[in-house]
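Working notes, beginning with the structure itself.
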Amino acid sequence: MINLQINGRCVQAKPGTTILQLARKHDIVIPTLCHLPGREVRSVCRLCVVEITGQERLLPACSTAVAAGMVVHTHSQKCIHTRQVLLEFIIAEHGALHTLSPELRALAAELGVTQARFALPPQHTPDCNRHGSDYIRLRQEKCIHCDRCIVACRDQQVIHRAGRGAAIQLTFGNHNAALPETNCTSCGDCVAVCPSGALGEHG
Ligand code: SF4
Ligand code: SF4
Ligand code: FES
């Protein structure tokens with residue numbers, strides 16, 4: 001077992017345990033967004049960042065393993081402020097505070113984000129949503145690029161990212177196909193995990 005500290009408490013953990021797993025074991029709530037328990041970890045949202053004494057950069061709790069002697073702070077001012085700013089950027093990507101999905105609204109409340117100071121110009125044309133199916137509709141303009149749908153569709157590998165920076169888009173299949181032209185089985189897993197409402201069911 002590894003000995004370390006989390007929020008001033010001396011604890012033990014098995015090698016390979018992530019800081020997020022350790023925190024949850026000790027009833028410490030670290031906010032997450034891209035993380036899906038038991039699935040591939042992609043660490044794209046950075047909302048779970050924690051401070052480790054002696055390290056200048058904050059590190060994502062969902063993909064950082066515990067180490068002997070580590071001193072972890074999950075709710076330092078630096079962590080809280082960084083999460084708030086990151087969420088404000090995510091909200092700007094998505095639209096506005098008042099148009100948030102229930103999950104994102106709850107996250108904003110949890111993080112104490114009551115304003116969205118940033119604004120991004122629209123990146124998507126209505127045309128970019130034409131690739132849905134009779135069952136699934138896509139609204140790229142709502143997407144916050146958390147990759148949960150990509151992880152959820154790992155077996156079929158239908159969903160991908162294309163582009164960079166603010167111009168990232170979701171695409172289906174290998175060549176930006178329409179969903180019915182891909183391996184999509186209409187299982188609905190991507191819709192079930194989407195936190196923003198970018199993927200949804202028709203009707
Ligand atoms: S409905 Fe299922 S198979 Fe189709 S894109 Fe979504 S997760 Fe993949
Ligand atoms: S469609 Fe939804 S689940 Fe997929 S990356 Fe965008 S916000 Fe995340
Ligand atoms: S939950 Fe850890 S980076 Fe997204």
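Ligands are numbered from 1 in the order shown, chains are lettered A, B, ... in the order of the structure tokens, and residues start at 1 in each chain.
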
Please identify every residue of chain A that has at least one atom no farther than 7 Å from an atom of ligand 2, counting only C-alpha atoms and all ligand atoms, and for each give the shortest atom pair and the distance in Å to one decimal, arranged by chain then increasing number, as JSON lines.
```
{"residue": "A:Lys142", "atom": "CA", "partner": "ligand 2", "partner_atom_place_in_ligand_line": "7 (S)", "distance": 6.8}
{"residue": "A:Cys143", "atom": "CA", "partner": "ligand 2", "partner_atom_place_in_ligand_line": "6 (Fe)", "distance": 3.7}
{"residue": "A:Ile144", "atom": "CA", "partner": "ligand 2", "partner_atom_place_in_ligand_line": "7 (S)", "distance": 4.4}
{"residue": "A:His145", "atom": "CA", "partner": "ligand 2", "partner_atom_place_in_ligand_line": "5 (S)", "distance": 3.7}
{"residue": "A:Cys146", "atom": "CA", "partner": "ligand 2", "partner_atom_place_in_ligand_line": "8 (Fe)", "distance": 4.0}
{"residue": "A:Asp147", "atom": "CA", "partner": "ligand 2", "partner_atom_place_in_ligand_line": "5 (S)", "distance": 4.0}
{"residue": "A:Arg148", "atom": "CA", "partner": "ligand 2", "partner_atom_place_in_ligand_line": "3 (S)", "distance": 4.4}
{"residue": "A:Cys149", "atom": "CA", "partner": "ligand 2", "partner_atom_place_in_ligand_line": "3 (S)", "distance": 4.1}
{"residue": "A:Ile150", "atom": "CA", "partner": "ligand 2", "partner_atom_place_in_ligand_line": "4 (Fe)", "distance": 6.4}
{"residue": "A:Cys190", "atom": "CA", "partner": "ligand 2", "partner_atom_place_in_ligand_line": "3 (S)", "distance": 6.4}
{"residue": "A:Val193", "atom": "CA", "partner": "ligand 2", "partner_atom_place_in_ligand_line": "3 (S)", "distance": 5.9}
{"residue": "A:Cys194", "atom": "CA", "partner": "ligand 2", "partner_atom_place_in_ligand_line": "3 (S)", "distance": 3.6}
{"residue": "A:Pro195", "atom": "CA", "partner": "ligand 2", "partner_atom_place_in_ligand_line": "7 (S)", "distance": 5.7}
{"residue": "A:Ser196", "atom": "CA", "partner": "ligand 2", "partner_atom_place_in_ligand_line": "7 (S)", "distance": 4.9}
{"residue": "A:Gly197", "atom": "CA", "partner": "ligand 2", "partner_atom_place_in_ligand_line": "2 (Fe)", "distance": 6.3}
{"residue": "A:Ala198", "atom": "CA", "partner": "ligand 2", "partner_atom_place_in_ligand_line": "1 (S)", "distance": 4.7}
{"residue": "A:Leu199", "atom": "CA", "partner": "ligand 2", "partner_atom_place_in_ligand_line": "1 (S)", "distance": 5.0}
```

Neighbourhood of ligand 1 at 8 Å, counting only C-alpha atoms and all ligand atoms, reported as a VMD selection string = chain A and resid 136 149 to 150 152 to 159 172 179 183 to 191

At most 7 Å from ligand 3 (only C-alpha atoms and all ligand atoms): residue list as a PyMOL selection string | chain A and resi 32-35+42-49+60-63

Taking the DSSP assignment computed from this structure's backbone, write out as a ChimeraX atom specification all residues of range 50-189 of chain A that belong to alpha helix (DSSP H).
-> /A:77-94,102-111,148-152,189

Limited to C-alpha atoms, could you put the picked residues into a file as an mmCIF file, in the first residue's frame?
```
data_model
loop_
_atom_site.group_PDB
_atom_site.id
_atom_site.type_symbol
_atom_site.label_atom_id
_atom_site.label_comp_id
_atom_site.auth_asym_id
_atom_site.auth_seq_id
_atom_site.Cartn_x
_atom_site.Cartn_y
_atom_site.Cartn_z
ATOM 1 C CA GLN A 77 -8.348 28.275 -4.090
ATOM 2 C CA LYS A 78 -6.270 27.579 -7.184
ATOM 3 C CA CYS A 79 -8.271 24.416 -7.972
ATOM 4 C CA ILE A 80 -11.620 26.072 -7.382
ATOM 5 C CA HIS A 81 -10.774 29.131 -9.481
ATOM 6 C CA THR A 82 -9.338 27.036 -12.332
ATOM 7 C CA ARG A 83 -12.451 24.836 -12.460
ATOM 8 C CA GLN A 84 -14.693 27.886 -12.521
ATOM 9 C CA VAL A 85 -12.807 29.498 -15.404
ATOM 10 C CA LEU A 86 -12.705 26.224 -17.342
ATOM 11 C CA LEU A 87 -16.428 25.807 -16.914
ATOM 12 C CA GLU A 88 -17.009 29.366 -18.093
ATOM 13 C CA PHE A 89 -15.120 28.510 -21.290
ATOM 14 C CA ILE A 90 -17.161 25.334 -21.686
ATOM 15 C CA ILE A 91 -20.351 27.349 -21.295
ATOM 16 C CA ALA A 92 -19.118 29.834 -23.911
ATOM 17 C CA GLU A 93 -18.535 26.905 -26.262
ATOM 18 C CA HIS A 94 -22.024 25.639 -25.622
ATOM 19 C CA PRO A 102 -29.805 20.173 -16.725
ATOM 20 C CA GLU A 103 -26.492 18.366 -16.153
ATOM 21 C CA LEU A 104 -24.386 21.400 -17.048
ATOM 22 C CA ARG A 105 -26.643 23.687 -15.045
ATOM 23 C CA ALA A 106 -26.157 21.444 -12.010
ATOM 24 C CA LEU A 107 -22.402 21.479 -12.570
ATOM 25 C CA ALA A 108 -22.392 25.284 -12.778
ATOM 26 C CA ALA A 109 -24.296 25.409 -9.490
ATOM 27 C CA GLU A 110 -21.904 22.906 -7.889
ATOM 28 C CA LEU A 111 -18.910 25.011 -8.941
ATOM 29 C CA ARG A 148 -18.108 10.894 -23.622
ATOM 30 C CA CYS A 149 -19.999 9.804 -26.739
ATOM 31 C CA ILE A 150 -16.761 8.665 -28.378
ATOM 32 C CA VAL A 151 -15.925 6.585 -25.318
ATOM 33 C CA ALA A 152 -19.470 5.213 -25.106
ATOM 34 C CA ASP A 189 -25.456 4.868 -25.598
#
```

What lies within 10 Å of His131 in chain A using only C-alpha atoms, ignoring chain neighbours under 2 positions off, as a VMD selection string?
-> chain A and resid 127 to 129 133 136 to 139 170 to 172 176 to 181

Would you mind listing what lies within 9 Å of range 23-28 of chain A as a VMD selection string, with only C-alpha atoms counted and same-chain residues fewer than 6 positions away left out?
-> chain A and resid 6 to 7 11 61 74

Correct to one decimal, the distance CA of Gly200 in chain A-CA of Gln115 in chain A is 26.2 Å

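Closest to Gly16 in chain A among A:Leu97, A:Ile30, A:Leu36, A:Ile2 is A:Ile2, based on only C-alpha atoms.
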
Report as a ChimeraX atom specification: the residues of chain A with a DSSP assignment of strand (DSSP E or B), based on the backbone of this structure.
-> /A:2-6,9-13,18,49-52,59-60,65,71-73,136-138,159-162,169-172,199-201
